[in-house]
file entry_22.pdb (PDB, C-alpha atoms and all ligand atoms)
MODEL        1
ATOM      1  CA  MET A 296       0.382   7.898  75.092
ATOM      2  CA  PRO A 297       2.341   6.289  72.211
ATOM      3  CA  ASN A 298       5.675   4.706  73.087
ATOM      4  CA  LEU A 299       8.363   7.315  72.370
ATOM      5  CA  ASP A 300      11.156   4.805  71.649
ATOM      6  CA  LEU A 301       8.967   3.006  69.154
ATOM      7  CA  VAL A 302       7.900   6.207  67.406
ATOM      8  CA  VAL A 303      11.484   7.490  67.151
ATOM      9  CA  ASN A 304      12.706   4.198  65.651
ATOM     10  CA  GLU A 305       9.800   4.078  63.203
ATOM     11  CA  ILE A 306      10.588   7.605  62.058
ATOM     12  CA  ALA A 307      14.285   6.798  61.544
ATOM     13  CA  ASP A 308      13.321   3.753  59.437
ATOM     14  CA  GLU A 309      10.834   5.746  57.383
ATOM     15  CA  MET A 310      13.313   8.566  56.771
ATOM     16  CA  ARG A 311      16.069   6.158  55.772
ATOM     17  CA  GLN A 312      13.851   4.798  52.989
ATOM     18  CA  ARG A 313      12.712   8.096  51.511
ATOM     19  CA  PRO A 314      14.224   8.961  48.137
ATOM     20  CA  ASP A 315      13.655  12.732  48.519
ATOM     21  CA  ARG A 316      16.589  13.990  50.558
ATOM     22  CA  GLY A 317      16.987  17.669  49.590
ATOM     23  CA  GLU A 318      20.292  19.268  48.618
ATOM     24  CA  VAL A 319      23.338  19.477  50.861
ATOM     25  CA  ALA A 320      24.580  23.069  51.317
ATOM     26  CA  THR A 321      27.534  23.786  49.056
ATOM     27  CA  TYR A 322      28.124  27.515  49.597
ATOM     28  CA  ILE A 323      30.325  26.564  52.559
ATOM     29  CA  PRO A 324      32.581  24.093  50.655
ATOM     30  CA  GLU A 325      33.406  21.995  53.717
ATOM     31  CA  LEU A 326      29.687  21.281  54.310
ATOM     32  CA  ALA A 327      29.358  19.829  50.790
ATOM     33  CA  ARG A 328      31.474  16.837  51.909
ATOM     34  CA  VAL A 329      28.807  15.543  54.286
ATOM     35  CA  ASP A 330      26.950  12.292  53.490
ATOM     36  CA  ALA A 331      23.465  13.214  52.202
ATOM     37  CA  ASN A 332      22.120   9.866  53.418
ATOM     38  CA  ALA A 333      22.830  10.528  57.084
ATOM     39  CA  PHE A 334      19.857  10.768  59.410
ATOM     40  CA  GLY A 335      19.813  11.097  63.187
ATOM     41  CA  ILE A 336      17.196  11.856  65.812
ATOM     42  CA  ALA A 337      17.335  12.229  69.605
ATOM     43  CA  VAL A 338      14.473  13.097  71.930
ATOM     44  CA  ILE A 339      14.907  13.726  75.660
ATOM     45  CA  ASP A 340      11.702  13.721  77.679
ATOM     46  CA  ALA A 341      10.966  15.551  80.936
ATOM     47  CA  ASP A 342      12.325  12.658  83.034
ATOM     48  CA  GLY A 343      15.608  12.675  81.146
ATOM     49  CA  ASN A 344      14.902   9.506  79.135
ATOM     50  CA  VAL A 345      16.705   9.567  75.803
ATOM     51  CA  ALA A 346      15.023   8.055  72.749
ATOM     52  CA  ALA A 347      17.425   8.062  69.815
ATOM     53  CA  ALA A 348      17.847   6.395  66.446
ATOM     54  CA  GLY A 349      19.951   6.550  63.292
ATOM     55  CA  ASP A 350      23.139   8.645  63.358
ATOM     56  CA  SER A 351      22.246  10.264  66.672
ATOM     57  CA  ASP A 352      25.829  10.071  68.002
ATOM     58  CA  THR A 353      27.493  11.510  64.892
ATOM     59  CA  SER A 354      28.723  15.106  65.183
ATOM     60  CA  PHE A 355      27.578  17.575  62.563
ATOM     61  CA  SER A 356      28.002  21.298  62.028
ATOM     62  CA  ILE A 357      25.277  22.982  64.078
ATOM     63  CA  GLN A 358      25.583  26.217  62.052
ATOM     64  CA  SER A 359      22.624  28.504  62.772
ATOM     65  CA  ILE A 360      21.339  26.410  65.656
ATOM     66  CA  SER A 361      24.167  28.091  67.592
ATOM     67  CA  LYS A 362      22.160  31.321  67.262
ATOM     68  CA  VAL A 363      19.689  30.093  69.903
ATOM     69  CA  PHE A 364      22.534  29.858  72.394
ATOM     70  CA  THR A 365      24.266  33.110  71.442
ATOM     71  CA  LEU A 366      20.896  34.864  71.793
ATOM     72  CA  THR A 367      20.581  33.358  75.284
ATOM     73  CA  LEU A 368      24.075  34.577  76.214
ATOM     74  CA  ALA A 369      23.565  38.076  74.786
ATOM     75  CA  LEU A 370      20.268  38.458  76.671
ATOM     76  CA  GLY A 371      22.092  37.368  79.818
ATOM     77  CA  LYS A 372      24.742  40.006  79.219
ATOM     78  CA  VAL A 373      22.692  43.087  78.251
ATOM     79  CA  GLY A 374      19.061  42.060  78.919
ATOM     80  CA  ASP A 375      16.361  43.910  77.016
ATOM     81  CA  ARG A 376      18.884  46.477  75.746
ATOM     82  CA  LEU A 377      19.615  43.856  73.087
ATOM     83  CA  TRP A 378      16.402  44.858  71.346
ATOM     84  CA  SER A 379      17.829  48.254  70.369
ATOM     85  CA  ARG A 380      20.364  46.390  68.202
ATOM     86  CA  VAL A 381      18.161  43.708  66.691
ATOM     87  CA  GLY A 382      14.393  43.269  66.150
ATOM     88  CA  ARG A 383      12.207  40.264  66.867
ATOM     89  CA  GLU A 384       9.872  40.082  63.885
ATOM     90  CA  PRO A 385       9.931  37.365  61.227
ATOM     91  CA  SER A 386      11.795  38.571  58.160
ATOM     92  CA  GLY A 387      10.018  36.681  55.390
ATOM     93  CA  SER A 388      13.401  36.836  53.649
ATOM     94  CA  PRO A 389      16.180  34.331  52.989
ATOM     95  CA  PHE A 390      18.706  33.750  55.776
ATOM     96  CA  ASN A 391      21.418  35.866  54.161
ATOM     97  CA  SER A 392      19.301  38.659  52.663
ATOM     98  CA  ILE A 393      20.597  42.226  52.745
ATOM     99  CA  VAL A 394      17.570  44.132  51.337
ATOM    100  CA  GLN A 395      15.683  44.820  54.585
ATOM    101  CA  LEU A 396      18.789  46.235  56.234
ATOM    102  CA  GLU A 397      18.823  49.342  54.072
ATOM    103  CA  ARG A 398      15.178  50.197  54.697
ATOM    104  CA  GLU A 399      15.520  49.537  58.428
ATOM    105  CA  GLN A 400      18.668  51.549  59.199
ATOM    106  CA  GLY A 401      20.947  48.571  59.584
ATOM    107  CA  ILE A 402      18.850  46.979  62.375
ATOM    108  CA  PRO A 403      18.319  43.302  61.484
ATOM    109  CA  ARG A 404      14.780  41.973  61.741
ATOM    110  CA  ASN A 405      15.530  39.207  64.219
ATOM    111  CA  PRO A 406      18.425  37.392  65.958
ATOM    112  CA  PHE A 407      18.176  34.299  63.746
ATOM    113  CA  ILE A 408      18.756  35.669  60.258
ATOM    114  CA  ASN A 409      22.476  35.991  59.573
ATOM    115  CA  ALA A 410      22.586  39.777  59.999
ATOM    116  CA  GLY A 411      20.794  39.530  63.353
ATOM    117  CA  ALA A 412      23.032  36.739  64.594
ATOM    118  CA  ILE A 413      26.139  38.704  63.598
ATOM    119  CA  ALA A 414      24.808  41.689  65.606
ATOM    120  CA  VAL A 415      24.146  39.376  68.584
ATOM    121  CA  THR A 416      27.676  37.961  68.316
ATOM    122  CA  ASP A 417      29.006  41.525  68.363
ATOM    123  CA  VAL A 418      27.169  42.141  71.662
ATOM    124  CA  ILE A 419      28.793  39.053  73.214
ATOM    125  CA  LEU A 420      32.200  40.124  71.891
ATOM    126  CA  SER A 421      32.183  43.680  73.285
ATOM    127  CA  GLY A 422      34.624  44.040  76.179
ATOM    128  CA  HIS A 423      36.416  40.798  75.255
ATOM    129  CA  GLN A 424      38.992  39.461  72.856
ATOM    130  CA  PRO A 425      37.513  37.188  70.137
ATOM    131  CA  ARG A 426      39.190  34.157  71.720
ATOM    132  CA  GLU A 427      37.541  34.884  75.097
ATOM    133  CA  ALA A 428      34.098  35.420  73.553
ATOM    134  CA  LEU A 429      34.368  32.175  71.637
ATOM    135  CA  GLY A 430      35.567  30.398  74.772
ATOM    136  CA  GLU A 431      32.491  31.673  76.615
ATOM    137  CA  ILE A 432      30.150  30.353  73.900
ATOM    138  CA  LEU A 433      31.876  26.966  73.796
ATOM    139  CA  ARG A 434      31.876  26.650  77.602
ATOM    140  CA  PHE A 435      28.147  27.422  77.603
ATOM    141  CA  MET A 436      27.470  24.673  75.057
ATOM    142  CA  ARG A 437      29.575  22.170  77.006
ATOM    143  CA  PHE A 438      27.811  23.096  80.236
ATOM    144  CA  LEU A 439      24.326  22.780  78.712
ATOM    145  CA  ALA A 440      25.080  19.499  76.954
ATOM    146  CA  ASP A 441      26.997  18.289  80.013
ATOM    147  CA  ASP A 442      29.817  17.234  77.730
ATOM    148  CA  PRO A 443      33.321  18.770  77.835
ATOM    149  CA  ALA A 444      34.243  17.026  74.573
ATOM    150  CA  ILE A 445      32.256  19.420  72.344
ATOM    151  CA  THR A 446      34.569  21.309  69.967
ATOM    152  CA  ILE A 447      34.646  23.629  66.997
ATOM    153  CA  ASP A 448      35.309  22.137  63.562
ATOM    154  CA  LYS A 449      38.153  24.410  62.483
ATOM    155  CA  ALA A 450      38.000  23.234  58.862
ATOM    156  CA  VAL A 451      34.343  24.329  58.603
ATOM    157  CA  ALA A 452      35.102  27.691  60.226
ATOM    158  CA  ALA A 453      38.048  28.295  57.887
ATOM    159  CA  SER A 454      35.970  27.237  54.889
ATOM    160  CA  GLU A 455      33.266  29.775  55.737
ATOM    161  CA  GLN A 456      35.829  32.450  56.545
ATOM    162  CA  ARG A 457      37.256  32.025  53.027
ATOM    163  CA  THR A 458      33.913  32.086  51.237
ATOM    164  CA  GLY A 459      31.547  34.052  53.511
ATOM    165  CA  PHE A 460      31.295  37.065  51.204
ATOM    166  CA  ARG A 461      27.613  37.678  51.945
ATOM    167  CA  ASN A 462      28.136  37.661  55.675
ATOM    168  CA  ILE A 463      31.146  39.929  55.271
ATOM    169  CA  ALA A 464      28.929  42.315  53.277
ATOM    170  CA  LEU A 465      26.150  42.159  55.900
ATOM    171  CA  ALA A 466      28.575  42.912  58.729
ATOM    172  CA  ASN A 467      30.216  45.814  56.913
ATOM    173  CA  TYR A 468      26.827  47.220  56.001
ATOM    174  CA  MET A 469      25.671  47.102  59.630
ATOM    175  CA  LYS A 470      28.978  48.639  60.729
ATOM    176  CA  SER A 471      28.223  51.649  58.501
ATOM    177  CA  PHE A 472      25.057  52.213  60.581
ATOM    178  CA  GLY A 473      26.947  51.821  63.865
ATOM    179  CA  VAL A 474      25.113  48.563  64.688
ATOM    180  CA  ILE A 475      28.426  46.648  64.919
ATOM    181  CA  GLU A 476      30.764  47.987  67.657
ATOM    182  CA  ASN A 477      33.829  45.812  67.210
ATOM    183  CA  PRO A 478      36.166  45.425  64.233
ATOM    184  CA  VAL A 479      34.131  43.577  61.593
ATOM    185  CA  ASP A 480      36.817  40.874  61.228
ATOM    186  CA  PHE A 481      36.686  40.103  64.936
ATOM    187  CA  THR A 482      32.896  39.844  65.044
ATOM    188  CA  LEU A 483      32.796  37.659  61.948
ATOM    189  CA  GLY A 484      35.610  35.473  63.243
ATOM    190  CA  VAL A 485      33.588  34.687  66.368
ATOM    191  CA  TYR A 486      30.401  34.222  64.302
ATOM    192  CA  PHE A 487      31.976  31.779  61.812
ATOM    193  CA  HIS A 488      33.511  29.777  64.637
ATOM    194  CA  HIS A 489      30.371  29.446  66.746
ATOM    195  CA  CYS A 490      28.469  28.331  63.622
ATOM    196  CA  ALA A 491      31.172  25.661  63.188
ATOM    197  CA  ILE A 492      30.565  24.042  66.593
ATOM    198  CA  ALA A 493      30.117  20.303  65.982
ATOM    199  CA  MET A 494      27.575  18.353  68.021
ATOM    200  CA  SER A 495      25.529  15.177  67.781
ATOM    201  CA  CYS A 496      21.735  15.006  68.006
ATOM    202  CA  LYS A 497      22.043  13.636  71.544
ATOM    203  CA  GLN A 498      24.294  16.504  72.664
ATOM    204  CA  LEU A 499      22.076  19.091  71.009
ATOM    205  CA  ALA A 500      18.861  17.720  72.499
ATOM    206  CA  MET A 501      20.565  17.818  75.894
ATOM    207  CA  ALA A 502      21.641  21.431  75.366
ATOM    208  CA  GLY A 503      18.074  22.460  74.508
ATOM    209  CA  ARG A 504      16.459  20.993  77.615
ATOM    210  CA  PHE A 505      16.302  24.273  79.518
ATOM    211  CA  LEU A 506      14.029  25.673  76.805
ATOM    212  CA  ALA A 507      11.575  22.801  77.214
ATOM    213  CA  HIS A 508      11.403  23.150  80.993
ATOM    214  CA  GLU A 509      10.914  26.797  81.935
ATOM    215  CA  GLY A 510      14.584  27.709  81.848
ATOM    216  CA  ARG A 511      15.835  24.814  84.007
ATOM    217  CA  ASN A 512      17.454  21.476  83.436
ATOM    218  CA  PRO A 513      14.889  19.259  85.189
ATOM    219  CA  SER A 514      17.449  16.498  85.860
ATOM    220  CA  THR A 515      20.005  18.652  87.661
ATOM    221  CA  GLY A 516      17.614  21.384  88.847
ATOM    222  CA  LEU A 517      20.111  23.945  87.552
ATOM    223  CA  SER A 518      18.557  27.146  86.287
ATOM    224  CA  VAL A 519      19.895  28.531  83.011
ATOM    225  CA  VAL A 520      17.486  31.423  82.429
ATOM    226  CA  HIS A 521      14.304  32.726  84.019
ATOM    227  CA  ARG A 522      11.140  30.973  82.776
ATOM    228  CA  GLU A 523       9.927  34.149  81.110
ATOM    229  CA  ARG A 524      13.134  34.329  79.067
ATOM    230  CA  ALA A 525      12.836  30.684  78.025
ATOM    231  CA  ARG A 526       9.264  31.361  76.909
ATOM    232  CA  ARG A 527      10.402  34.335  74.837
ATOM    233  CA  ILE A 528      13.299  32.506  73.191
ATOM    234  CA  ASN A 529      10.830  29.765  72.232
ATOM    235  CA  ALA A 530       8.516  32.416  70.758
ATOM    236  CA  ILE A 531      11.314  33.759  68.573
ATOM    237  CA  MET A 532      12.244  30.212  67.507
ATOM    238  CA  LEU A 533       8.642  29.613  66.467
ATOM    239  CA  THR A 534       8.294  32.840  64.486
ATOM    240  CA  CYS A 535      11.828  33.212  63.085
ATOM    241  CA  GLY A 536      13.682  29.899  63.495
ATOM    242  CA  HIS A 537      13.340  28.752  59.897
ATOM    243  CA  TYR A 538      13.874  32.008  57.991
ATOM    244  CA  ASP A 539      11.263  32.419  55.244
ATOM    245  CA  GLY A 540      10.143  28.850  55.975
ATOM    246  CA  SER A 541       9.097  29.706  59.551
ATOM    247  CA  GLY A 542       5.371  29.921  58.783
ATOM    248  CA  GLU A 543       5.468  26.578  56.996
ATOM    249  CA  PHE A 544       7.350  24.945  59.904
ATOM    250  CA  ALA A 545       4.824  26.289  62.453
ATOM    251  CA  TYR A 546       1.980  25.107  60.217
ATOM    252  CA  ARG A 547       3.352  21.617  59.726
ATOM    253  CA  VAL A 548       5.215  20.886  62.961
ATOM    254  CA  GLY A 549       3.683  23.305  65.468
ATOM    255  CA  LEU A 550       6.783  23.520  67.685
ATOM    256  CA  PRO A 551       9.444  26.189  68.260
ATOM    257  CA  GLY A 552      12.472  25.138  66.233
ATOM    258  CA  LYS A 553      15.795  26.383  64.916
ATOM    259  CA  SER A 554      17.439  25.023  61.815
ATOM    260  CA  GLY A 555      21.011  25.187  60.550
ATOM    261  CA  VAL A 556      22.414  24.727  57.043
ATOM    262  CA  GLY A 557      24.354  21.729  58.339
ATOM    263  CA  GLY A 558      20.953  19.977  58.260
ATOM    264  CA  GLY A 559      20.218  20.015  61.973
ATOM    265  CA  ILE A 560      17.053  21.232  63.685
ATOM    266  CA  LEU A 561      16.547  21.759  67.413
ATOM    267  CA  ALA A 562      12.852  21.658  68.315
ATOM    268  CA  ILE A 563      11.189  22.221  71.672
ATOM    269  CA  ALA A 564       7.989  20.603  72.917
ATOM    270  CA  PRO A 565       7.388  22.793  75.976
ATOM    271  CA  GLY A 566       7.012  20.776  79.180
ATOM    272  CA  LYS A 567       7.526  17.563  77.236
ATOM    273  CA  ALA A 568      10.777  17.186  75.350
ATOM    274  CA  SER A 569      13.854  18.606  73.702
ATOM    275  CA  ILE A 570      14.377  17.174  70.226
ATOM    276  CA  ALA A 571      17.265  17.245  67.758
ATOM    277  CA  VAL A 572      17.190  15.867  64.243
ATOM    278  CA  TRP A 573      19.857  15.822  61.564
ATOM    279  CA  ALA A 574      19.479  15.174  57.840
ATOM    280  CA  PRO A 575      21.966  17.163  55.704
ATOM    281  CA  GLY A 576      19.796  17.693  52.578
ATOM    282  CA  LEU A 577      18.064  21.079  52.586
ATOM    283  CA  ASP A 578      14.874  22.494  51.059
ATOM    284  CA  ASN A 579      14.682  25.747  49.082
ATOM    285  CA  ALA A 580      14.621  27.888  52.234
ATOM    286  CA  GLY A 581      17.857  26.280  53.528
ATOM    287  CA  ASN A 582      16.149  24.112  56.154
ATOM    288  CA  SER A 583      16.605  20.350  56.558
ATOM    289  CA  HIS A 584      14.090  18.648  54.272
ATOM    290  CA  LEU A 585      13.832  15.287  56.051
ATOM    291  CA  GLY A 586      14.457  16.926  59.417
ATOM    292  CA  ARG A 587      11.254  18.884  59.035
ATOM    293  CA  ILE A 588       9.296  15.849  57.858
ATOM    294  CA  ALA A 589      10.640  13.786  60.781
ATOM    295  CA  LEU A 590       9.582  16.468  63.260
ATOM    296  CA  GLU A 591       6.170  16.802  61.654
ATOM    297  CA  THR A 592       5.691  13.044  62.014
ATOM    298  CA  LEU A 593       6.961  13.015  65.611
ATOM    299  CA  ALA A 594       4.759  15.951  66.703
ATOM    300  CA  LYS A 595       1.741  14.315  65.105
ATOM    301  CA  ARG A 596       2.271  10.804  66.516
ATOM    302  CA  MET A 597       3.079  12.088  70.016
ATOM    303  CA  GLY A 598       0.397  14.815  69.957
ATOM    304  CA  TRP A 599       2.998  17.471  70.808
ATOM    305  CA  SER A 600       2.014  20.449  68.642
ATOM    306  CA  ILE A 601       1.695  23.523  70.883
ATOM    307  CA  PHE A 602      -1.505  24.296  68.987
ATOM    308  CA  GLY A 603      -3.259  21.219  70.343
TER     309      GLY A 603
HETATM  310  N1  LIG A 701      27.107  29.973  59.031
HETATM  311  C1  LIG A 701      25.971  29.991  58.151
HETATM  312  C2  LIG A 701      25.931  31.305  57.412
HETATM  313  O1  LIG A 701      26.208  32.300  58.032
HETATM  314  C3  LIG A 701      24.734  29.813  58.944
HETATM  315  C4  LIG A 701      23.474  29.791  58.100
HETATM  316  C5  LIG A 701      22.500  28.756  58.564
HETATM  317  O2  LIG A 701      22.847  27.805  59.241
HETATM  318  O3  LIG A 701      21.305  28.868  58.208
HETATM  319  O4  LIG A 701      25.642  31.377  56.251
ENDMDL
END

call {"tool": "encode", "arguments": {"input": "entry_22.pdb", "output": "structure tokens", "more": "lines below"}}
Ligand code: GLU
result
Amino acid sequence: MPNLDLVVNEIADEMRQRPDRGEVATYIPELARVDANAFGIAVIDADGNVAAAGDSDTSFSIQSISKVFTLTLALGKVGDRLWSRVGREPSGSPFNSIVQLEREQGIPRNPFINAGAIAVTDVILSGHQPREALGEILRFMRFLADDPAITIDKAVAASEQRTGFRNIALANYMKSFGVIENPVDFTLGVYFHHCAIAMSCKQLAMAGRFLAHEGRNPSTGLSVVHRERARRINAIMLTCGHYDGSGEFAYRVGLPGKSGVGGGILAIAPGKASIAVWAPGLDNAGNSHLGRIALETLAKRMGWSIFG
């Protein structure tokens, strides 16, 4: 078995030298301020060993990676009834597309495209005030990462709130079909804020450990979800975690993963490791360009693809 520390450091060096870095997201103005040269990686193996390199302690905006955790919470709250509000098929469409919603009666294709994640957020919000729902999401992240210092970047949330016209359209459109229960402003407020949670690669890899180990944190023994649920969340990450780049990610990396427009990717090597990478430049599908290449290299050198 190759030495994980060595592989992770090699990858960070290789990524630092690459000239192709993708384009930093600008549609959320606050995200455009991030340094395109940043690169971080953290891998936590089954024994809890952390292999990290580059900017692995720097916080970044997790954006859509938060959708993995809101999906987990919503499934905990309403179980399989969630699937009457959102599907679980890949969309083959961009992350913020509205076209499928009209044909499919306002039911989003999956929980990871924006429309689906907004519907999932609405499920978490029902019966609560926005502040309470957001508090629940943040507490969950702090618990999983075992770090009470994790916070929301208010400037990023406010920036998206000011400019999130597409998401506002998606939410209103779903509301017209009765898919959104709460006032649209409340649901979107919670959505924009959970996307603006700031975490480092190390914190994110820690938070993802339960998905790599049948629903449990193997270091503490604490169960987060049943193993069947962990398996299913991983399946949705594999098929839908990179929007219309999900097929390409499965083909190249061969691991369940979820990207965010902040340039982060959480990837799961079942039974082996939880992995977080961060490189802010994105490809055409809105996924981290170097993040994907780093994960492809890691999966190959460690022999971690779930496809053998
Ligand atoms: N907050 C972002 C949006 O709704 C998330 C998109 C992403 O990370 O892919 O546009």

call {"tool": "resolve_selection", "arguments": {"input": "entry_22.pdb", "expression": "the PyMOL selection byres (((chain A and resi 595) around 12) and not hetatm)", "output": "list in words"}}
result
Met296, Pro297, Val302, Ile306, Tyr546, Arg547, Val548, Gly549, Leu550, Ala564, Ile588, Ala589, Leu590, Glu591, Thr592, Leu593, Ala594, Arg596, Met597, Gly598, Trp599, Ser600, Ile601, Phe602 and Gly603 of chain A

call {"tool": "write_last_selection", "arguments": {"input": "entry_22.pdb", "atoms": "C-alpha atoms", "output": "PDB file, keeping the file's coordinate frame"}}
result
ATOM      1  CA  MET A 296       0.382   7.898  75.092  1.00  0.00           C
ATOM      2  CA  PRO A 297       2.341   6.289  72.211  1.00  0.00           C
ATOM      3  CA  VAL A 302       7.900   6.207  67.406  1.00  0.00           C
ATOM      4  CA  ILE A 306      10.588   7.605  62.058  1.00  0.00           C
ATOM      5  CA  TYR A 546       1.980  25.107  60.217  1.00  0.00           C
ATOM      6  CA  ARG A 547       3.352  21.617  59.726  1.00  0.00           C
ATOM      7  CA  VAL A 548       5.215  20.886  62.961  1.00  0.00           C
ATOM      8  CA  GLY A 549       3.683  23.305  65.468  1.00  0.00           C
ATOM      9  CA  LEU A 550       6.783  23.520  67.685  1.00  0.00           C
ATOM     10  CA  ALA A 564       7.989  20.603  72.917  1.00  0.00           C
ATOM     11  CA  ILE A 588       9.296  15.849  57.858  1.00  0.00           C
ATOM     12  CA  ALA A 589      10.640  13.786  60.781  1.00  0.00           C
ATOM     13  CA  LEU A 590       9.582  16.468  63.260  1.00  0.00           C
ATOM     14  CA  GLU A 591       6.170  16.802  61.654  1.00  0.00           C
ATOM     15  CA  THR A 592       5.691  13.044  62.014  1.00  0.00           C
ATOM     16  CA  LEU A 593       6.961  13.015  65.611  1.00  0.00           C
ATOM     17  CA  ALA A 594       4.759  15.951  66.703  1.00  0.00           C
ATOM     18  CA  ARG A 596       2.271  10.804  66.516  1.00  0.00           C
ATOM     19  CA  MET A 597       3.079  12.088  70.016  1.00  0.00           C
ATOM     20  CA  GLY A 598       0.397  14.815  69.957  1.00  0.00           C
ATOM     21  CA  TRP A 599       2.998  17.471  70.808  1.00  0.00           C
ATOM     22  CA  SER A 600       2.014  20.449  68.642  1.00  0.00           C
ATOM     23  CA  ILE A 601       1.695  23.523  70.883  1.00  0.00           C
ATOM     24  CA  PHE A 602      -1.505  24.296  68.987  1.00  0.00           C
ATOM     25  CA  GLY A 603      -3.259  21.219  70.343  1.00  0.00           C
TER      26      GLY A 603
END

call {"tool": "resolve_selection", "arguments": {"input": "entry_22.pdb", "expression": "the PyMOL selection byres (((not hetatm)) within 6 of (chain A and resi 701))", "output": "PDB file with C-alpha atoms, keeping the file's coordinate frame"}}
result
ATOM      1  CA  GLN A 358      25.583  26.217  62.052  1.00  0.00           C
ATOM      2  CA  SER A 359      22.624  28.504  62.772  1.00  0.00           C
ATOM      3  CA  ASN A 409      22.476  35.991  59.573  1.00  0.00           C
ATOM      4  CA  PHE A 487      31.976  31.779  61.812  1.00  0.00           C
ATOM      5  CA  CYS A 490      28.469  28.331  63.622  1.00  0.00           C
ATOM      6  CA  GLY A 555      21.011  25.187  60.550  1.00  0.00           C
ATOM      7  CA  VAL A 556      22.414  24.727  57.043  1.00  0.00           C
TER       8      VAL A 556
END

call {"tool": "resolve_selection", "arguments": {"input": "entry_22.pdb", "expression": "the PyMOL selection byres (((chain A and resi 369) around 10) and not hetatm)", "output": "list in words"}}
result
Phe364, Thr365, Leu366, Thr367, Leu368, Leu370, Gly371, Lys372, Val373, Gly374, Asp375, Arg376, Leu377, Ala414, Val415, Thr416, Asp417, Val418, Ile419 and Leu420 of chain A

call {"tool": "atom_distance", "arguments": {"input": "entry_22.pdb", "atom1": "CA of His521 (chain A)", "atom2": "CA of Ser421 (chain A)"}}
result
23.6 Å

call {"tool": "closest_residue", "arguments": {"input": "entry_22.pdb", "among": "A:Ile463, A:Ala410, A:Ala493, A:Ala568", "to": "Asp342 (chain A)", "atoms": "all atoms listed in the file"}}
result
A:Ala568

call {"tool": "residues_around", "arguments": {"input": "entry_22.pdb", "residues": "Pro575 (chain A)", "least_positions_apart": "6", "cutoff": "12 Å", "atoms": "only C-alpha atoms", "output": "VMD selection string"}}
result
chain A and resid 315 to 321 326 to 335 350 354 to 358 554 to 560 581 to 587

call {"tool": "closest_residue", "arguments": {"input": "entry_22.pdb", "among": "A:Ala444, A:Met436, A:Leu301, A:Ile531", "to": "Phe407 (chain A)", "atoms": "all atoms listed in the file"}}
result
A:Ile531

call {"tool": "residues_around", "arguments": {"input": "entry_22.pdb", "residues": "Asn405 (chain A)", "least_positions_apart": "2", "cutoff": "9 Å", "atoms": "only C-alpha atoms", "output": "list of chain:residue names"}}
result
A:Val381, A:Gly382, A:Arg383, A:Glu384, A:Pro385, A:Ser386, A:Ile402, A:Pro403, A:Phe407, A:Ile408, A:Asn409, A:Ala410, A:Gly411, A:Ala412, A:Ile531, A:Cys535

call {"tool": "write_last_selection", "arguments": {"input": "entry_22.pdb", "atoms": "C-alpha atoms", "output": "tab-separated table (two decimals), in the frame of the given file"}}
result
chain	number	residue	atom	x	y	z
A	381	VAL	CA	18.16	43.71	66.69
A	382	GLY	CA	14.39	43.27	66.15
A	383	ARG	CA	12.21	40.26	66.87
A	384	GLU	CA	9.87	40.08	63.88
A	385	PRO	CA	9.93	37.36	61.23
A	386	SER	CA	11.80	38.57	58.16
A	402	ILE	CA	18.85	46.98	62.38
A	403	PRO	CA	18.32	43.30	61.48
A	407	PHE	CA	18.18	34.30	63.75
A	408	ILE	CA	18.76	35.67	60.26
A	409	ASN	CA	22.48	35.99	59.57
A	410	ALA	CA	22.59	39.78	60.00
A	411	GLY	CA	20.79	39.53	63.35
A	412	ALA	CA	23.03	36.74	64.59
A	531	ILE	CA	11.31	33.76	68.57
A	535	CYS	CA	11.83	33.21	63.08

call {"tool": "atom_distance", "arguments": {"input": "entry_22.pdb", "atom1": "CA of Asp448 (chain A)", "atom2": "CA of Ser392 (chain A)"}}
result
25.5 Å

call {"tool": "atom_distance", "arguments": {"input": "entry_22.pdb", "atom1": "CA of Lys567 (chain A)", "atom2": "CA of Gly510 (chain A)"}}
result
13.2 Å

call {"tool": "residues_around", "arguments": {"input": "entry_22.pdb", "residues": "Val519 (chain A)", "least_positions_apart": "3", "cutoff": "8 Å", "atoms": "only C-alpha atoms", "output": "mmCIF file with C-alpha atoms, in the frame of the given file"}}
result
data_model
loop_
_atom_site.group_PDB
_atom_site.id
_atom_site.type_symbol
_atom_site.label_atom_id
_atom_site.label_comp_id
_atom_site.auth_asym_id
_atom_site.auth_seq_id
_atom_site.Cartn_x
_atom_site.Cartn_y
_atom_site.Cartn_z
ATOM 1 C CA PHE A 505 16.302 24.273 79.518
ATOM 2 C CA GLY A 510 14.584 27.709 81.848
ATOM 3 C CA ARG A 511 15.835 24.814 84.007
ATOM 4 C CA ASN A 512 17.454 21.476 83.436
#

call {"tool": "closest_residue", "arguments": {"input": "entry_22.pdb", "among": "A:Met469, A:Glu523, A:Leu506, A:Val303", "to": "Val345 (chain A)", "atoms": "all atoms listed in the file"}}
result
A:Val303

call {"tool": "closest_residue", "arguments": {"input": "entry_22.pdb", "among": "A:Gln424, A:Glu476, A:Arg380, A:Gln498", "to": "Arg437 (chain A)", "atoms": "all atoms listed in the file"}}
result
A:Gln498

call {"tool": "residues_around", "arguments": {"input": "entry_22.pdb", "residues": "Leu483 (chain A)", "least_positions_apart": "2", "cutoff": "12 Å", "atoms": "only C-alpha atoms", "output": "count of residues only"}}
result
40

call {"tool": "residues_around", "arguments": {"input": "entry_22.pdb", "residues": "region 526-530 of chain A", "least_positions_apart": "2", "cutoff": "8 Å", "atoms": "only C-alpha atoms", "output": "list in words"}}
result
Val363, Thr367, Leu506, Glu509, Arg522, Glu523, Arg524, Met532, Leu533, Thr534, Pro551, Gly552 and Ile563 of chain A

call {"tool": "decode", "arguments": {"input": "entry_22.pdb", "residues": "region 555-560 of chain A", "atoms": "C-alpha atoms", "output": "short mmCIF file (atom, residue, chain, number, x, y, z; two decimals), in the first residue's frame"}}
result
data_model
loop_
_atom_site.label_atom_id
_atom_site.label_comp_id
_atom_site.auth_asym_id
_atom_site.auth_seq_id
_atom_site.Cartn_x
_atom_site.Cartn_y
_atom_site.Cartn_z
CA GLY A 555 -19.33 23.35 -4.14
CA VAL A 556 -18.77 26.53 -6.15
CA GLY A 557 -16.37 27.69 -3.45
CA GLY A 558 -13.99 25.13 -5.01
CA GLY A 559 -14.28 22.42 -2.38
CA ILE A 560 -15.03 18.74 -2.94
#
